[in-house]
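Trainee: Provided below: upload_35.cif, containing mmCIF, N, CA and C atoms.
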data_my_file
loop_
_atom_site.label_atom_id
_atom_site.label_comp_id
_atom_site.auth_asym_id
_atom_site.auth_seq_id
_atom_site.Cartn_x
_atom_site.Cartn_y
_atom_site.Cartn_z
N MET A 21 -21.56 151.36 41.60
CA MET A 21 -20.67 152.48 41.70
C MET A 21 -19.43 152.30 40.83
N THR A 22 -19.50 151.49 39.84
CA THR A 22 -18.36 151.31 38.97
C THR A 22 -18.21 152.47 38.02
N ASN A 23 -16.98 152.82 37.73
CA ASN A 23 -16.63 153.87 36.79
C ASN A 23 -17.23 155.24 37.13
N MET A 24 -17.35 155.53 38.41
CA MET A 24 -17.83 156.85 38.81
C MET A 24 -16.66 157.82 38.85
N THR A 25 -16.93 159.06 38.49
CA THR A 25 -15.89 160.08 38.59
C THR A 25 -15.71 160.47 40.04
N SER A 26 -14.65 161.16 40.32
CA SER A 26 -14.40 161.63 41.68
C SER A 26 -15.54 162.52 42.16
N THR A 27 -16.02 163.39 41.29
CA THR A 27 -17.13 164.27 41.64
C THR A 27 -18.38 163.47 41.96
N GLN A 28 -18.65 162.45 41.17
CA GLN A 28 -19.83 161.61 41.42
C GLN A 28 -19.69 160.85 42.73
N LEU A 29 -18.49 160.35 43.00
CA LEU A 29 -18.26 159.64 44.27
C LEU A 29 -18.45 160.57 45.46
N ASN A 30 -17.89 161.80 45.35
CA ASN A 30 -18.06 162.77 46.43
C ASN A 30 -19.53 163.08 46.65
N ALA A 31 -20.28 163.26 45.58
CA ALA A 31 -21.72 163.55 45.70
C ALA A 31 -22.44 162.39 46.36
N GLU A 32 -22.11 161.17 45.98
CA GLU A 32 -22.73 159.97 46.57
C GLU A 32 -22.42 159.89 48.06
N ILE A 33 -21.18 160.15 48.43
CA ILE A 33 -20.78 160.11 49.84
C ILE A 33 -21.54 161.17 50.63
N LEU A 34 -21.58 162.39 50.10
CA LEU A 34 -22.27 163.47 50.80
C LEU A 34 -23.76 163.21 50.92
N ARG A 35 -24.35 162.66 49.90
CA ARG A 35 -25.78 162.31 49.95
C ARG A 35 -26.03 161.30 51.07
N ASN A 36 -25.21 160.27 51.11
CA ASN A 36 -25.38 159.24 52.14
C ASN A 36 -25.10 159.79 53.53
N MET A 37 -24.10 160.64 53.65
CA MET A 37 -23.78 161.23 54.96
C MET A 37 -24.92 162.10 55.46
N SER A 38 -25.59 162.81 54.55
CA SER A 38 -26.69 163.67 54.98
C SER A 38 -27.81 162.84 55.60
N LEU A 39 -27.96 161.61 55.16
CA LEU A 39 -28.96 160.72 55.75
C LEU A 39 -28.48 160.16 57.09
N VAL A 40 -27.20 159.81 57.15
CA VAL A 40 -26.64 159.20 58.37
C VAL A 40 -26.63 160.18 59.53
N VAL A 41 -26.28 161.44 59.27
CA VAL A 41 -26.13 162.39 60.38
C VAL A 41 -27.45 162.73 61.06
N GLU A 42 -28.55 162.33 60.49
CA GLU A 42 -29.85 162.55 61.13
C GLU A 42 -30.10 161.54 62.25
N ASP A 43 -29.27 160.50 62.33
CA ASP A 43 -29.42 159.47 63.35
C ASP A 43 -28.15 159.42 64.20
N GLU A 44 -28.27 159.70 65.49
CA GLU A 44 -27.10 159.78 66.36
C GLU A 44 -26.32 158.46 66.41
N GLY A 45 -27.03 157.35 66.47
CA GLY A 45 -26.36 156.05 66.52
C GLY A 45 -25.55 155.78 65.27
N LEU A 46 -26.16 156.06 64.11
CA LEU A 46 -25.44 155.87 62.85
C LEU A 46 -24.26 156.83 62.74
N THR A 47 -24.43 158.05 63.24
CA THR A 47 -23.34 159.04 63.20
C THR A 47 -22.16 158.55 64.03
N LYS A 48 -22.43 157.98 65.19
CA LYS A 48 -21.35 157.44 66.03
C LYS A 48 -20.65 156.29 65.32
N GLN A 49 -21.41 155.41 64.69
CA GLN A 49 -20.82 154.29 63.95
C GLN A 49 -19.96 154.80 62.80
N LEU A 50 -20.45 155.81 62.09
CA LEU A 50 -19.69 156.38 60.98
C LEU A 50 -18.40 157.01 61.47
N ALA A 51 -18.47 157.76 62.57
CA ALA A 51 -17.28 158.40 63.13
C ALA A 51 -16.24 157.34 63.52
N LYS A 52 -16.70 156.25 64.14
CA LYS A 52 -15.79 155.17 64.54
C LYS A 52 -15.15 154.53 63.31
N TYR A 53 -15.96 154.28 62.29
CA TYR A 53 -15.44 153.67 61.06
C TYR A 53 -14.43 154.59 60.38
N LEU A 54 -14.75 155.88 60.32
CA LEU A 54 -13.83 156.82 59.67
C LEU A 54 -12.50 156.92 60.42
N ARG A 55 -12.54 156.89 61.76
CA ARG A 55 -11.30 156.90 62.54
C ARG A 55 -10.44 155.68 62.19
N ARG A 56 -11.09 154.51 62.11
CA ARG A 56 -10.35 153.28 61.75
C ARG A 56 -9.78 153.39 60.35
N LEU A 57 -10.56 153.89 59.42
CA LEU A 57 -10.13 154.02 58.03
C LEU A 57 -8.96 154.98 57.92
N VAL A 58 -9.05 156.12 58.57
CA VAL A 58 -7.99 157.12 58.51
C VAL A 58 -6.72 156.62 59.19
N SER A 59 -6.87 155.81 60.23
CA SER A 59 -5.69 155.29 60.94
C SER A 59 -4.83 154.40 60.05
N LYS A 60 -5.41 153.91 58.95
CA LYS A 60 -4.65 153.06 58.03
C LYS A 60 -3.80 153.87 57.06
N LEU A 61 -4.06 155.18 57.00
CA LEU A 61 -3.27 156.03 56.10
C LEU A 61 -1.89 156.26 56.70
N PRO A 62 -0.87 156.37 55.87
CA PRO A 62 0.46 156.67 56.41
C PRO A 62 0.48 158.09 56.99
N ASP A 63 1.19 158.26 58.09
CA ASP A 63 1.30 159.57 58.73
C ASP A 63 2.43 160.34 58.05
N PRO A 64 2.10 161.42 57.33
CA PRO A 64 3.14 162.16 56.61
C PRO A 64 4.11 162.89 57.52
N THR A 65 3.78 162.98 58.82
CA THR A 65 4.68 163.68 59.73
C THR A 65 5.75 162.76 60.33
N LEU A 66 5.60 161.45 60.14
CA LEU A 66 6.57 160.52 60.70
C LEU A 66 7.82 160.45 59.84
N LEU A 67 8.96 160.37 60.50
CA LEU A 67 10.24 160.22 59.81
C LEU A 67 10.78 158.82 60.07
N SER A 68 11.50 158.32 59.10
CA SER A 68 12.20 157.06 59.33
C SER A 68 13.37 157.37 60.27
N GLU A 69 13.95 156.33 60.83
CA GLU A 69 15.10 156.51 61.71
C GLU A 69 16.24 157.21 60.95
N GLU A 70 16.43 156.81 59.70
CA GLU A 70 17.48 157.40 58.88
C GLU A 70 17.23 158.90 58.65
N GLU A 71 15.99 159.25 58.34
CA GLU A 71 15.64 160.67 58.11
C GLU A 71 15.82 161.48 59.39
N PHE A 72 15.42 160.90 60.52
CA PHE A 72 15.53 161.59 61.81
C PHE A 72 16.99 161.92 62.11
N PHE A 73 17.87 160.93 61.98
CA PHE A 73 19.27 161.17 62.30
C PHE A 73 19.94 162.07 61.27
N ALA A 74 19.48 162.05 60.03
CA ALA A 74 20.01 162.96 59.02
C ALA A 74 19.66 164.40 59.38
N LYS A 75 18.44 164.62 59.88
CA LYS A 75 18.04 165.96 60.31
C LYS A 75 18.87 166.42 61.51
N LEU A 76 19.13 165.51 62.43
CA LEU A 76 19.98 165.86 63.57
C LEU A 76 21.39 166.24 63.11
N ASP A 77 21.94 165.45 62.20
CA ASP A 77 23.27 165.75 61.67
C ASP A 77 23.30 167.12 60.99
N GLU A 78 22.26 167.40 60.22
CA GLU A 78 22.18 168.70 59.52
C GLU A 78 22.09 169.85 60.53
N ALA A 79 21.31 169.67 61.58
CA ALA A 79 21.17 170.70 62.60
C ALA A 79 22.50 170.92 63.32
N GLU A 80 23.22 169.84 63.63
CA GLU A 80 24.53 169.97 64.28
C GLU A 80 25.50 170.72 63.39
N SER A 81 25.48 170.43 62.09
CA SER A 81 26.36 171.14 61.14
C SER A 81 26.01 172.61 61.08
N ASP A 82 24.72 172.91 61.03
CA ASP A 82 24.29 174.31 60.99
C ASP A 82 24.76 175.06 62.23
N ILE A 83 24.61 174.44 63.39
CA ILE A 83 25.03 175.08 64.64
C ILE A 83 26.54 175.30 64.63
N ALA A 84 27.30 174.29 64.18
CA ALA A 84 28.75 174.41 64.13
C ALA A 84 29.19 175.54 63.19
N GLU A 85 28.41 175.79 62.14
CA GLU A 85 28.71 176.84 61.18
C GLU A 85 28.13 178.20 61.60
N GLY A 86 27.54 178.25 62.78
CA GLY A 86 26.97 179.50 63.27
C GLY A 86 25.62 179.85 62.66
N LYS A 87 24.99 178.88 62.05
CA LYS A 87 23.69 179.13 61.42
C LYS A 87 22.52 178.90 62.38
N GLY A 88 22.82 178.53 63.59
CA GLY A 88 21.75 178.25 64.54
C GLY A 88 21.02 179.52 64.95
N VAL A 89 19.80 179.38 65.34
CA VAL A 89 18.98 180.49 65.81
C VAL A 89 18.48 180.14 67.19
N LYS A 90 18.57 181.09 68.10
CA LYS A 90 18.00 180.83 69.42
C LYS A 90 17.21 182.04 69.88
N MET A 91 16.33 181.78 70.81
CA MET A 91 15.48 182.85 71.33
C MET A 91 16.33 183.81 72.14
N LEU A 92 16.02 185.08 72.01
CA LEU A 92 16.67 186.11 72.78
C LEU A 92 16.01 186.20 74.15
N PRO A 93 16.72 186.68 75.15
CA PRO A 93 16.10 186.80 76.48
C PRO A 93 14.81 187.63 76.41
N GLY A 94 13.74 187.10 76.96
CA GLY A 94 12.46 187.79 76.98
C GLY A 94 11.68 187.73 75.68
N GLU A 95 12.22 187.07 74.66
CA GLU A 95 11.57 186.99 73.37
C GLU A 95 10.51 185.89 73.38
N SER A 96 9.36 186.19 72.79
CA SER A 96 8.31 185.17 72.70
C SER A 96 8.57 184.29 71.49
N LEU A 97 7.91 183.15 71.45
CA LEU A 97 8.05 182.25 70.31
C LEU A 97 7.55 182.93 69.04
N ASP A 98 6.46 183.68 69.14
CA ASP A 98 5.95 184.40 67.98
C ASP A 98 6.98 185.40 67.45
N ASP A 99 7.64 186.12 68.38
CA ASP A 99 8.68 187.08 67.96
C ASP A 99 9.82 186.36 67.27
N LEU A 100 10.25 185.22 67.82
CA LEU A 100 11.34 184.44 67.21
C LEU A 100 10.96 184.01 65.81
N LEU A 101 9.76 183.45 65.66
CA LEU A 101 9.34 182.97 64.34
C LEU A 101 9.26 184.09 63.33
N GLU A 102 8.80 185.25 63.77
CA GLU A 102 8.74 186.40 62.86
C GLU A 102 10.15 186.86 62.48
N ARG A 103 11.07 186.82 63.43
CA ARG A 103 12.44 187.26 63.18
C ARG A 103 13.17 186.35 62.19
N VAL A 104 12.90 185.06 62.24
CA VAL A 104 13.65 184.12 61.38
C VAL A 104 13.04 183.92 60.02
N GLN A 105 11.88 184.49 59.78
CA GLN A 105 11.24 184.30 58.47
C GLN A 105 11.86 185.19 57.43
#
Could you quickly redo this structure as structure tokens?
Mentor:
Amino acid sequence: MTNMTSTQLNAEILRNMSLVVEDEGLTKQLAKYLRRLVSKLPDPTLLSEEEFFAKLDEAESDIAEGKGVKMLPGESLDDLLERVQ
């Protein structure tokens, strides 16, 4: 598999997966392996402590400047989101 293009690698993976999914035991092993593999990826939703507190500071400044938004009495979350867009 040396020097394969991304398209060739994807095709190879899909070909092999089509064989694996025909066997329940192999499918379970593949699912377990993929979960472990994906768990090693960085979570793009996580913030560092510094980023977290910077966002809090920014939110406090916005509120102090009257830029805050809050739900109106009886307003649904969908209504709020539509109103602030």
Trainee: Between atom N of Val89 of chain A and atom N of Val104 of chain A, measure the distance and give it in Å to one decimal.
Mentor: 9.5 Å
Trainee: Between atom CA of Ser38 of chain A and atom N of Pro62 of chain A, measure the distance and give it in Å to one decimal.
Mentor: 26.8 Å
Trainee: Any idea what the distance is between atom CA of Leu54 of chain A and atom CA of Val40 of chain A?
Mentor: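 Interatomic distance here is 13.1 Å.
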Trainee: From chain A, collect each residue whose DSSP state is helix (DSSP H, G or I) and return the set as a PyMOL selection string.
Mentor: chain A and resi 26-40+44-59+69-84+97-104
